[in-house]
Each structure stands twice: as C-alpha cells, then as structure tokens.
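All remarks here apply to the structure that follows.
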Amino acid sequence: MRLALLEVADLVVHYGKALALDGVSLSVAAGELVAVLGPNGAGKSTLLKAISRAVPSAGHIVFDGRPLDDMAPHLVVAAGICHCPEGRHLFAELTVRKNLELGAYLRRDKAAIARDLEHVHALFPVLRARGAQQAATLSGGEQQMVAIGRALMGRPKLLLLDEPSVGIAHRLKIAIFAAIRQIREAGTAILLVEQDARSALGVASRAYLLEHGQIVREGLSEAFIRDDRVRRVYLGV
Ligand SMILES: Nc1ncnc2c1ncn2[C@@H]1O[C@H](COP(=O)(O)OP(=O)(O)O)[C@@H](O)[C@H]1O
Ligand SMILES: [Mg+2]
C-alpha cells in the first residue's frame, strides 16, 4: 500500500445552514488518477474547493504529509495542488499565452517555466498556434485546454479537474481525455470530477460516487463499470 499523497477524512462543508459535504473521506496516491462521479448538486465542486481551501470546512485534509486545514489558498498552490475550476475562469481579455503564464505566478524558475510551457504546447498544440489570441475568442473546448494548461503551469503534484468535458464538442473532448491520460502518465496525480462517467472511468484507476454530500460507493474503475446501479444511473445501460 502506497502512502497517500492526499488524505481527506470526515470532511464537512456547510453553506449557511445547508450541508454540502457530510463526512467525506477519500485518498489519492502519488501519481494516481481518481474520479469522483455523481449527479448535479452532489457536492463534487465543493469537495475540490475545500481541498484547495477556497471554502472553509471541518474535518482533515493532509497533503504530502502536511495538514491543509488552516492553509491559505496560495500556499496550497505552492504546496503542489493546482485547481482547474468548473467553468474555466480564464482572463477573457488576456491572450492565451498570458493566461498560461499566469499559472506560474508563484514560480521564479524561469528556465523550468519555459520548459513547462513547451510541455503544455506539446499536449495542446492548438494553444501554441493561438498564443497571441484573446482567450475569449477561443471555442469552449480550447478554453478548457487553456484552463488545464494554466493549472499545469503551477507544476502540481496533484491536479484537481472539475468537469473538464462539460459543454464541449466531441472531438475536443476526446483530445482533452487523451491529454488527461498523458498528464497522469507523466507522473502527476489527478482528482477528476466528471459527469461523463464513461469517459472518467476510462482514464481513472479508482472512483468514488458522491450523492447528497456523501460517498456512497468506492472502488476500482473496472468494478464501477460492472456495478448495476452505476451502470443504470450513470452509464445509461
Ligand atoms: N456558494 C454557494 N452557496 C450556497 N450553496 C451552494 C454554493 N455552492 C454550492 N452550493 C450548494 O451546495 C450543493 C453542492 O454543490 P456543488 O458542490 O456545486 O455540487 P456539484 O459540483 O456536484 O454539482 C448544492 O446543493 C449547491 O446548490
Ligand atoms: Mg460542480
């Protein structure tokens, strides 16, 4: 058993009086790709926001041996967690290139930053071609590539990906899942939140099912694909 890179235990998040996460526990090992599936409103985005300390929570989050509970969000990035949020949140008026460079805002290692930009361009060649274009002028799928690329420019040990395939064309979705696979193969651990269970289980080694703020199933992706309820509700077969 490998020591977990990320260990979340009994995580509870409230929005006012509403309970969004109700005692969530999960782990991600170094270099592992883990999926979190679940319907709209289950608490998937809240889980990623709590890990990156964008929302307050009770419970325990330990990353790389350090507790994150009281850490400021920028220190979480410095510790090695980069969050690619739902809805992308690009700087619409800035160029693609500038958006990518902003992902490295905490870094001073210029040569390594240049190498990482090369790596992002190799992963998503269209971003090199469109480097001087305003981010707002890109298609939804291309903007998602910028958002993932920007998160990679922070050199994460753990990448948090929130619904990378929502609302984008099929061809670009395939390219994005191929890139997610490559990012993992290069050694970066990924916690992937997805509505498209089939695509997520195709790249993840393990998965958790989140419903109403609680983990109701967990296991290997192969077991998820065979699970009757997962098949009926989330795979539509
Ligand atoms: N900022 C917020 N204020 C109040 N309620 C919120 C807020 N963000 C999310 N919620 C609620 O918390 C629950 C979980 O939301 P979310 O984490 O976005 O779910 P998911 O990403 O699985 O669709 C939902 O009931 C949602 O309406
Ligand atoms: Mg969400």
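Letters A, B, ... go to the chains of the structure tokens in the order shown; residues in each chain start at 1; ligands are counted from 1 in the same order.
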
task: Going by DSSP on the backbone, which bits of stretch 7-189 of chain A are strand (DSSP E or B)? Write them as a PyMOL selection string, please.
output: chain A and resi 7-15+18-29+33-37+58-63+66-67+81-84+95+134+158-162+189

Writing out the chosen residues with N, CA and C atoms as a short mmCIF file (atom, residue, chain, number, x, y, z; two decimals), in the first residue's frame:
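Saved file result31.cif follows:
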```cif
data_model
loop_
_atom_site.label_atom_id
_atom_site.label_comp_id
_atom_site.auth_asym_id
_atom_site.auth_seq_id
_atom_site.Cartn_x
_atom_site.Cartn_y
_atom_site.Cartn_z
N GLU A 7 -4.98 12.85 1.61
CA GLU A 7 -5.85 12.09 2.52
C GLU A 7 -6.91 13.04 3.06
N VAL A 8 -8.16 12.76 2.73
CA VAL A 8 -9.27 13.58 3.20
C VAL A 8 -10.08 12.73 4.16
N ALA A 9 -10.37 13.26 5.36
CA ALA A 9 -11.11 12.47 6.34
C ALA A 9 -12.22 13.29 6.96
N ASP A 10 -13.43 12.73 6.92
CA ASP A 10 -14.60 13.32 7.60
C ASP A 10 -14.83 14.78 7.23
N LEU A 11 -14.70 15.09 5.96
CA LEU A 11 -14.84 16.48 5.52
C LEU A 11 -16.30 16.90 5.55
N VAL A 12 -16.54 18.04 6.19
CA VAL A 12 -17.90 18.60 6.29
C VAL A 12 -17.85 20.05 5.81
N VAL A 13 -18.75 20.40 4.89
CA VAL A 13 -18.86 21.79 4.43
C VAL A 13 -20.33 22.21 4.49
N HIS A 14 -20.54 23.38 5.08
CA HIS A 14 -21.87 23.99 5.09
C HIS A 14 -21.84 25.27 4.26
N TYR A 15 -22.94 25.55 3.56
CA TYR A 15 -23.17 26.88 3.01
C TYR A 15 -24.32 27.44 3.84
N ALA A 18 -27.16 25.04 4.95
CA ALA A 18 -27.23 23.88 4.05
C ALA A 18 -25.94 23.06 4.13
N LEU A 19 -26.12 21.76 4.25
CA LEU A 19 -24.99 20.84 4.35
C LEU A 19 -24.60 20.37 2.94
N ALA A 20 -23.41 20.74 2.47
CA ALA A 20 -22.99 20.37 1.11
C ALA A 20 -22.12 19.11 1.11
N LEU A 21 -21.25 18.96 2.11
CA LEU A 21 -20.45 17.73 2.26
C LEU A 21 -20.67 17.21 3.66
N ASP A 22 -20.98 15.92 3.76
CA ASP A 22 -21.43 15.33 5.00
C ASP A 22 -20.51 14.17 5.41
N GLY A 23 -19.26 14.51 5.76
CA GLY A 23 -18.35 13.47 6.24
C GLY A 23 -17.70 12.67 5.12
N VAL A 24 -17.06 13.39 4.21
CA VAL A 24 -16.43 12.74 3.05
C VAL A 24 -14.99 12.33 3.38
N SER A 25 -14.65 11.07 3.10
CA SER A 25 -13.28 10.60 3.25
C SER A 25 -12.83 9.98 1.94
N LEU A 26 -11.64 10.35 1.50
CA LEU A 26 -11.09 9.73 0.28
C LEU A 26 -9.59 9.94 0.26
N SER A 27 -8.92 9.21 -0.63
CA SER A 27 -7.47 9.37 -0.74
C SER A 27 -7.06 9.28 -2.20
N VAL A 28 -5.91 9.91 -2.49
CA VAL A 28 -5.30 9.82 -3.81
C VAL A 28 -3.82 9.53 -3.58
N ALA A 29 -3.31 8.46 -4.18
CA ALA A 29 -1.89 8.14 -4.05
C ALA A 29 -1.07 8.97 -5.03
N LEU A 33 -4.73 8.49 -10.70
CA LEU A 33 -5.86 9.24 -11.26
C LEU A 33 -7.13 8.67 -10.67
N VAL A 34 -7.82 9.49 -9.87
CA VAL A 34 -9.03 9.06 -9.17
C VAL A 34 -10.20 9.92 -9.65
N ALA A 35 -11.32 9.28 -9.93
CA ALA A 35 -12.51 10.00 -10.39
C ALA A 35 -13.52 10.13 -9.26
N VAL A 36 -14.21 11.28 -9.24
CA VAL A 36 -15.37 11.45 -8.36
C VAL A 36 -16.57 11.67 -9.27
N LEU A 37 -17.51 10.72 -9.23
CA LEU A 37 -18.72 10.80 -10.05
C LEU A 37 -19.88 11.20 -9.16
N ALA A 58 -14.84 21.53 7.95
CA ALA A 58 -14.41 20.80 9.14
C ALA A 58 -13.91 19.44 8.68
N GLY A 59 -13.13 18.78 9.52
CA GLY A 59 -12.53 17.51 9.14
C GLY A 59 -11.05 17.68 8.88
N HIS A 60 -10.44 16.73 8.17
CA HIS A 60 -8.99 16.78 7.98
C HIS A 60 -8.61 16.60 6.52
N ILE A 61 -7.66 17.43 6.08
CA ILE A 61 -7.10 17.29 4.75
C ILE A 61 -5.58 17.29 4.94
N VAL A 62 -4.95 16.18 4.57
CA VAL A 62 -3.50 16.08 4.67
C VAL A 62 -2.94 15.87 3.28
N PHE A 63 -1.99 16.73 2.89
CA PHE A 63 -1.38 16.63 1.56
C PHE A 63 0.11 16.52 1.71
N ARG A 66 1.40 17.05 5.08
CA ARG A 66 1.13 18.31 5.80
C ARG A 66 -0.37 18.57 5.89
N PRO A 67 -0.84 19.00 7.05
CA PRO A 67 -2.26 19.36 7.15
C PRO A 67 -2.54 20.65 6.38
N ILE A 81 -0.80 21.74 -5.17
CA ILE A 81 -2.15 21.41 -5.62
C ILE A 81 -2.64 22.52 -6.54
N CYS A 82 -2.95 22.21 -7.78
CA CYS A 82 -3.50 23.21 -8.70
C CYS A 82 -4.90 22.81 -9.11
N HIS A 83 -5.81 23.77 -9.04
CA HIS A 83 -7.24 23.55 -9.22
C HIS A 83 -7.66 24.12 -10.56
N CYS A 84 -8.20 23.30 -11.41
CA CYS A 84 -8.76 23.76 -12.68
C CYS A 84 -10.27 23.79 -12.48
N THR A 95 -4.32 37.31 -23.53
CA THR A 95 -4.01 36.30 -24.56
C THR A 95 -3.93 34.91 -23.93
N GLN A 134 -6.83 36.55 -27.93
CA GLN A 134 -7.55 36.72 -26.66
C GLN A 134 -8.25 35.41 -26.30
N LEU A 158 -0.54 17.36 -7.55
CA LEU A 158 -1.93 16.92 -7.63
C LEU A 158 -2.73 17.97 -8.40
N LEU A 159 -3.38 17.51 -9.47
CA LEU A 159 -4.22 18.39 -10.28
C LEU A 159 -5.69 18.09 -9.96
N LEU A 160 -6.43 19.14 -9.62
CA LEU A 160 -7.86 18.99 -9.36
C LEU A 160 -8.61 19.45 -10.61
N LEU A 161 -9.33 18.55 -11.25
CA LEU A 161 -10.02 18.88 -12.51
C LEU A 161 -11.52 18.81 -12.30
N ASP A 162 -12.20 19.94 -12.52
CA ASP A 162 -13.65 19.99 -12.30
C ASP A 162 -14.40 20.01 -13.63
N ALA A 189 -0.52 13.26 -10.13
CA ALA A 189 -1.77 12.69 -9.60
C ALA A 189 -2.93 13.60 -9.99
#
```

Who sits within 10 Å of A:Arg198, only C-alpha atoms, same chain under 5 positions skipped, as a VMD selection string: chain A and resid 37 203 221 224 to 225 231 234 to 236

Just N, CA and C atoms for this one: save the residues we selected as a PDB file, in the first residue's frame.
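Okay, this is what ended up in selection_28.pdb:
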```pdb
ATOM      1  N   LEU A  37     -17.511  10.721  -9.229  1.00  0.00           N
ATOM      2  CA  LEU A  37     -18.720  10.799 -10.048  1.00  0.00           C
ATOM      3  C   LEU A  37     -19.883  11.204  -9.164  1.00  0.00           C
ATOM      4  N   VAL A 203     -10.300   6.603 -17.869  1.00  0.00           N
ATOM      5  CA  VAL A 203      -8.931   7.057 -17.573  1.00  0.00           C
ATOM      6  C   VAL A 203      -8.536   6.844 -16.106  1.00  0.00           C
ATOM      7  N   SER A 221     -12.077   1.202 -11.002  1.00  0.00           N
ATOM      8  CA  SER A 221     -12.914   1.604 -12.130  1.00  0.00           C
ATOM      9  C   SER A 221     -13.594   0.406 -12.780  1.00  0.00           C
ATOM     10  N   PHE A 224     -16.611  -0.442 -10.887  1.00  0.00           N
ATOM     11  CA  PHE A 224     -17.658   0.566 -11.119  1.00  0.00           C
ATOM     12  C   PHE A 224     -18.391   0.282 -12.428  1.00  0.00           C
ATOM     13  N   ILE A 225     -17.625  -0.047 -13.455  1.00  0.00           N
ATOM     14  CA  ILE A 225     -18.219  -0.269 -14.773  1.00  0.00           C
ATOM     15  C   ILE A 225     -19.165  -1.464 -14.737  1.00  0.00           C
ATOM     16  N   ARG A 231     -24.171   1.430 -13.558  1.00  0.00           N
ATOM     17  CA  ARG A 231     -24.484   1.232 -14.982  1.00  0.00           C
ATOM     18  C   ARG A 231     -25.824   1.867 -15.337  1.00  0.00           C
ATOM     19  N   TYR A 234     -25.614   6.011 -14.103  1.00  0.00           N
ATOM     20  CA  TYR A 234     -24.545   6.892 -14.587  1.00  0.00           C
ATOM     21  C   TYR A 234     -23.997   6.507 -15.951  1.00  0.00           C
ATOM     22  N   LEU A 235     -24.196   5.260 -16.365  1.00  0.00           N
ATOM     23  CA  LEU A 235     -23.697   4.861 -17.678  1.00  0.00           C
ATOM     24  C   LEU A 235     -24.841   4.669 -18.669  1.00  0.00           C
ATOM     25  N   GLY A 236     -26.084   4.684 -18.166  1.00  0.00           N
ATOM     26  CA  GLY A 236     -27.234   4.580 -19.050  1.00  0.00           C
ATOM     27  C   GLY A 236     -27.287   3.288 -19.841  1.00  0.00           C
TER      28      GLY A 236
END
```

Can you check which parts of chain A lie within 10 Å of ligand 1? Per residue, the shortest pair of atoms and distance in Å to one decimal, counting only C-alpha atoms and all ligand atoms, sorted by chain and number, as CSV.
```
residue,atom,partner,partner_atom_place_in_ligand_line,distance
A:Val13,CA,ligand 1,12 (O),8.7
A:His14,CA,ligand 1,12 (O),7.9
A:Tyr15,CA,ligand 1,4 (C),4.8
A:Gly16,CA,ligand 1,4 (C),7.0
A:Lys17,CA,ligand 1,4 (C),9.0
A:Ala18,CA,ligand 1,5 (N),6.9
A:Leu19,CA,ligand 1,12 (O),7.2
A:Ala20,CA,ligand 1,12 (O),4.6
A:Leu21,CA,ligand 1,14 (C),7.5
A:Val36,CA,ligand 1,22 (O),9.2
A:Leu37,CA,ligand 1,22 (O),8.3
A:Gly38,CA,ligand 1,22 (O),6.4
A:Pro39,CA,ligand 1,22 (O),6.0
A:Asn40,CA,ligand 1,23 (O),3.7
A:Gly41,CA,ligand 1,19 (O),3.5
A:Ala42,CA,ligand 1,22 (O),3.8
A:Gly43,CA,ligand 1,17 (O),3.2
A:Lys44,CA,ligand 1,22 (O),3.7
A:Ser45,CA,ligand 1,21 (O),3.7
A:Thr46,CA,ligand 1,17 (O),3.6
A:Leu47,CA,ligand 1,17 (O),6.5
A:Leu48,CA,ligand 1,17 (O),8.2
A:Lys49,CA,ligand 1,17 (O),8.2
A:Ala50,CA,ligand 1,17 (O),9.6
A:Val55,CA,ligand 1,1 (N),8.7
A:Glu86,CA,ligand 1,21 (O),8.1
A:Asp162,CA,ligand 1,21 (O),7.9
A:Glu163,CA,ligand 1,21 (O),8.4
A:Val193,CA,ligand 1,21 (O),8.1
A:Glu194,CA,ligand 1,22 (O),9.0
A:Gln195,CA,ligand 1,22 (O),8.7
A:Leu210,CA,ligand 1,22 (O),7.8
A:Glu211,CA,ligand 1,22 (O),8.0
A:His212,CA,ligand 1,14 (C),7.7
A:Gly213,CA,ligand 1,14 (C),7.2
```
